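Chemist: This is structure_38.cif (mmCIF, N, CA and C atoms).
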```
data_start
#
loop_
_atom_site.label_atom_id
_atom_site.label_comp_id
_atom_site.auth_asym_id
_atom_site.auth_seq_id
_atom_site.Cartn_x
_atom_site.Cartn_y
_atom_site.Cartn_z
N MET A 24 92.47 52.53 9.68
CA MET A 24 92.03 53.24 8.50
C MET A 24 91.35 52.26 7.56
N GLY A 25 90.28 52.71 6.98
CA GLY A 25 89.53 51.85 6.08
C GLY A 25 90.00 51.96 4.64
N ALA A 26 89.50 51.04 3.84
CA ALA A 26 89.87 50.97 2.43
C ALA A 26 89.53 52.25 1.67
N PRO A 27 88.35 52.85 1.85
CA PRO A 27 88.06 54.08 1.11
C PRO A 27 89.05 55.20 1.45
N PHE A 28 89.41 55.31 2.72
CA PHE A 28 90.39 56.33 3.11
C PHE A 28 91.72 56.08 2.43
N ARG A 29 92.19 54.83 2.45
CA ARG A 29 93.48 54.50 1.83
C ARG A 29 93.45 54.75 0.32
N TYR A 30 92.34 54.43 -0.31
CA TYR A 30 92.21 54.66 -1.74
C TYR A 30 92.34 56.15 -2.06
N HIS A 31 91.61 56.97 -1.33
CA HIS A 31 91.65 58.41 -1.61
C HIS A 31 93.01 59.01 -1.25
N ARG A 32 93.62 58.51 -0.19
CA ARG A 32 94.97 58.98 0.15
C ARG A 32 95.96 58.59 -0.94
N ALA A 33 95.78 57.43 -1.53
CA ALA A 33 96.64 57.00 -2.63
C ALA A 33 96.53 57.94 -3.81
N LEU A 34 95.31 58.37 -4.13
CA LEU A 34 95.13 59.32 -5.23
C LEU A 34 95.83 60.64 -4.93
N ILE A 35 95.75 61.08 -3.69
CA ILE A 35 96.41 62.33 -3.29
C ILE A 35 97.93 62.16 -3.41
N ASN A 36 98.45 61.02 -2.98
CA ASN A 36 99.90 60.77 -3.08
C ASN A 36 100.36 60.63 -4.52
N GLN A 37 99.54 60.06 -5.35
CA GLN A 37 99.92 59.82 -6.74
C GLN A 37 100.02 61.13 -7.53
N ALA A 38 99.20 62.09 -7.21
CA ALA A 38 99.16 63.35 -7.98
C ALA A 38 100.52 64.04 -8.05
N PRO A 39 101.25 64.20 -6.95
CA PRO A 39 102.57 64.86 -7.05
C PRO A 39 103.71 63.88 -7.35
N GLY A 40 103.37 62.63 -7.67
CA GLY A 40 104.39 61.67 -8.06
C GLY A 40 104.92 60.79 -6.94
N ARG A 41 104.26 60.75 -5.81
CA ARG A 41 104.69 59.87 -4.72
C ARG A 41 104.10 58.47 -4.95
N THR A 42 104.62 57.80 -5.97
CA THR A 42 104.04 56.52 -6.38
C THR A 42 104.28 55.41 -5.36
N GLY A 43 105.37 55.47 -4.64
CA GLY A 43 105.61 54.45 -3.61
C GLY A 43 104.54 54.47 -2.54
N ALA A 44 104.23 55.65 -2.05
CA ALA A 44 103.18 55.79 -1.03
C ALA A 44 101.82 55.43 -1.62
N ALA A 45 101.58 55.82 -2.86
CA ALA A 45 100.31 55.50 -3.51
C ALA A 45 100.17 53.98 -3.67
N ARG A 46 101.23 53.32 -4.10
CA ARG A 46 101.21 51.87 -4.28
C ARG A 46 100.88 51.17 -2.95
N THR A 47 101.54 51.61 -1.89
CA THR A 47 101.31 51.01 -0.57
C THR A 47 99.85 51.16 -0.15
N ASP A 48 99.31 52.36 -0.30
CA ASP A 48 97.92 52.59 0.11
C ASP A 48 96.94 51.82 -0.76
N LEU A 49 97.19 51.74 -2.04
CA LEU A 49 96.29 50.98 -2.91
C LEU A 49 96.31 49.50 -2.55
N ARG A 50 97.48 48.97 -2.29
CA ARG A 50 97.56 47.55 -1.88
C ARG A 50 96.83 47.32 -0.56
N ARG A 51 97.03 48.23 0.38
CA ARG A 51 96.37 48.08 1.68
C ARG A 51 94.87 48.29 1.59
N ALA A 52 94.42 49.04 0.62
CA ALA A 52 92.98 49.20 0.42
C ALA A 52 92.37 47.94 -0.18
N LEU A 53 93.10 47.33 -1.10
CA LEU A 53 92.55 46.18 -1.83
C LEU A 53 92.78 44.83 -1.12
N ASP A 54 93.85 44.71 -0.35
CA ASP A 54 94.18 43.41 0.25
C ASP A 54 93.07 42.83 1.13
N PRO A 55 92.54 43.57 2.09
CA PRO A 55 91.52 42.95 2.94
C PRO A 55 90.20 42.68 2.22
N ASP A 56 89.85 43.55 1.28
CA ASP A 56 88.59 43.38 0.57
C ASP A 56 88.71 43.99 -0.83
N PRO A 57 88.98 43.18 -1.85
CA PRO A 57 89.17 43.69 -3.20
C PRO A 57 87.91 44.30 -3.81
N HIS A 58 86.79 44.20 -3.11
CA HIS A 58 85.51 44.76 -3.58
C HIS A 58 84.95 45.74 -2.55
N PHE A 59 85.82 46.55 -1.96
CA PHE A 59 85.43 47.43 -0.86
C PHE A 59 84.40 48.48 -1.24
N HIS A 60 84.28 48.79 -2.53
CA HIS A 60 83.31 49.78 -3.01
C HIS A 60 82.96 49.42 -4.45
N PRO A 61 81.70 49.57 -4.84
CA PRO A 61 81.30 49.16 -6.18
C PRO A 61 82.04 49.88 -7.31
N VAL A 62 82.44 51.11 -7.10
CA VAL A 62 83.13 51.88 -8.15
C VAL A 62 84.61 52.04 -7.82
N ASP A 63 84.90 52.47 -6.61
CA ASP A 63 86.28 52.79 -6.24
C ASP A 63 87.21 51.59 -6.23
N ALA A 64 86.71 50.40 -5.95
CA ALA A 64 87.59 49.22 -5.95
C ALA A 64 88.15 48.97 -7.35
N SER A 65 87.32 49.10 -8.35
CA SER A 65 87.78 48.93 -9.72
C SER A 65 88.80 50.01 -10.09
N ARG A 66 88.53 51.22 -9.68
CA ARG A 66 89.46 52.33 -9.95
C ARG A 66 90.78 52.12 -9.21
N ALA A 67 90.71 51.59 -8.01
CA ALA A 67 91.93 51.31 -7.25
C ALA A 67 92.78 50.25 -7.96
N ARG A 68 92.13 49.21 -8.47
CA ARG A 68 92.87 48.17 -9.20
C ARG A 68 93.52 48.74 -10.46
N THR A 69 92.80 49.61 -11.16
CA THR A 69 93.34 50.24 -12.36
C THR A 69 94.53 51.13 -12.01
N ALA A 70 94.40 51.94 -10.97
CA ALA A 70 95.49 52.82 -10.56
C ALA A 70 96.72 52.01 -10.14
N LEU A 71 96.50 50.93 -9.40
CA LEU A 71 97.62 50.09 -8.98
C LEU A 71 98.28 49.44 -10.19
N SER A 72 97.49 48.98 -11.11
CA SER A 72 98.03 48.37 -12.33
C SER A 72 98.89 49.37 -13.10
N ARG A 73 98.45 50.59 -13.19
CA ARG A 73 99.23 51.62 -13.90
C ARG A 73 100.55 51.89 -13.19
N ILE A 74 100.51 51.95 -11.86
CA ILE A 74 101.74 52.19 -11.09
C ILE A 74 102.69 51.02 -11.27
N GLU A 75 102.16 49.82 -11.20
CA GLU A 75 103.00 48.62 -11.34
C GLU A 75 103.62 48.54 -12.73
N THR A 76 102.92 48.98 -13.73
CA THR A 76 103.41 48.93 -15.11
C THR A 76 104.58 49.90 -15.33
N VAL A 77 104.54 51.04 -14.67
CA VAL A 77 105.56 52.07 -14.83
C VAL A 77 106.88 51.65 -14.20
N ARG A 78 106.83 50.81 -13.22
CA ARG A 78 108.03 50.37 -12.50
C ARG A 78 109.14 50.01 -13.38
#
```
Produce structure tokens that represent the structure in this file.
Modeler:
Amino acid sequence: MGAPFRYHRALINQAPGRTGAARTDLRRALDPDPHFHPVDASRARTALSRIETVR
């Protein structure tokens, strides 16, 4: 699975409150290439930061 897929799956998981699954997918999207998409990579970092802050 590629980074864009993991990013979008993370958003789907985050919506109903499955933050653990969202966190995992966001990390897996960003780890291999933190700049996987010009717009979505930044959004993924922001989403991950918000999840990490809530912990």
Chemist: For Asp54 (chain A), which of A:Pro39, A:Ile74, A:Arg32, A:Ala67 is the closest residue, counting only C-alpha atoms?
Modeler: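 Checking each candidate against Asp54 (chain A), we get A:Ala67 as the closest.
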Chemist: Just to confirm, what's the straight-line distance from atom C of Leu49 (chain A) to atom C of Arg68 (chain A) in Å (one decimal)?
Modeler: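 Separation between atom C of Leu49 (chain A) and atom C of Arg68 (chain A): 8.4 Å.
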Chemist: Can you turn the PyMOL selection byres ((chain A and resi 45) around 8) into a concrete residue list for this file, as a ChimeraX atom specification?
Modeler: /A:29,32-38,40-44,46-51,70-71,74
Chemist: When you look at region 59-62 of chain A with a cut-off of 8 Å (counting only C-alpha atoms), what residues show up, excluding the ones that are within fewer than 4 positions of it in the same chain? I need them as a count of residues only.
Modeler: 5
Chemist: Where in chain A does DSSP assign helix (DSSP H, G or I), given as a ChimeraX atom specification?
Modeler: /A:26-37,42-53,63-77
Chemist: What does the distance from CA of Asp56 (chain A) to atom N of Tyr30 (chain A) come to in Å, to one decimal?
Modeler: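 Distance reported for this atom pair: 11.7 Å.
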Chemist: So what do you get for CA of Pro57 (chain A) versus atom N of Met24 (chain A), distance-wise?
Modeler: 16.0 Å
Chemist: Can you report as JSON the centre and edge lengths in Å, to one decimal, of an axis-aligned box around the listed atoms of region 25-32 of chain A padded with 3 Å on each side?
Modeler:
```
{"center_x": 92.0, "center_y": 55.0, "center_z": 2.5, "size_x": 13.9, "size_y": 14.0, "size_z": 15.0}
```
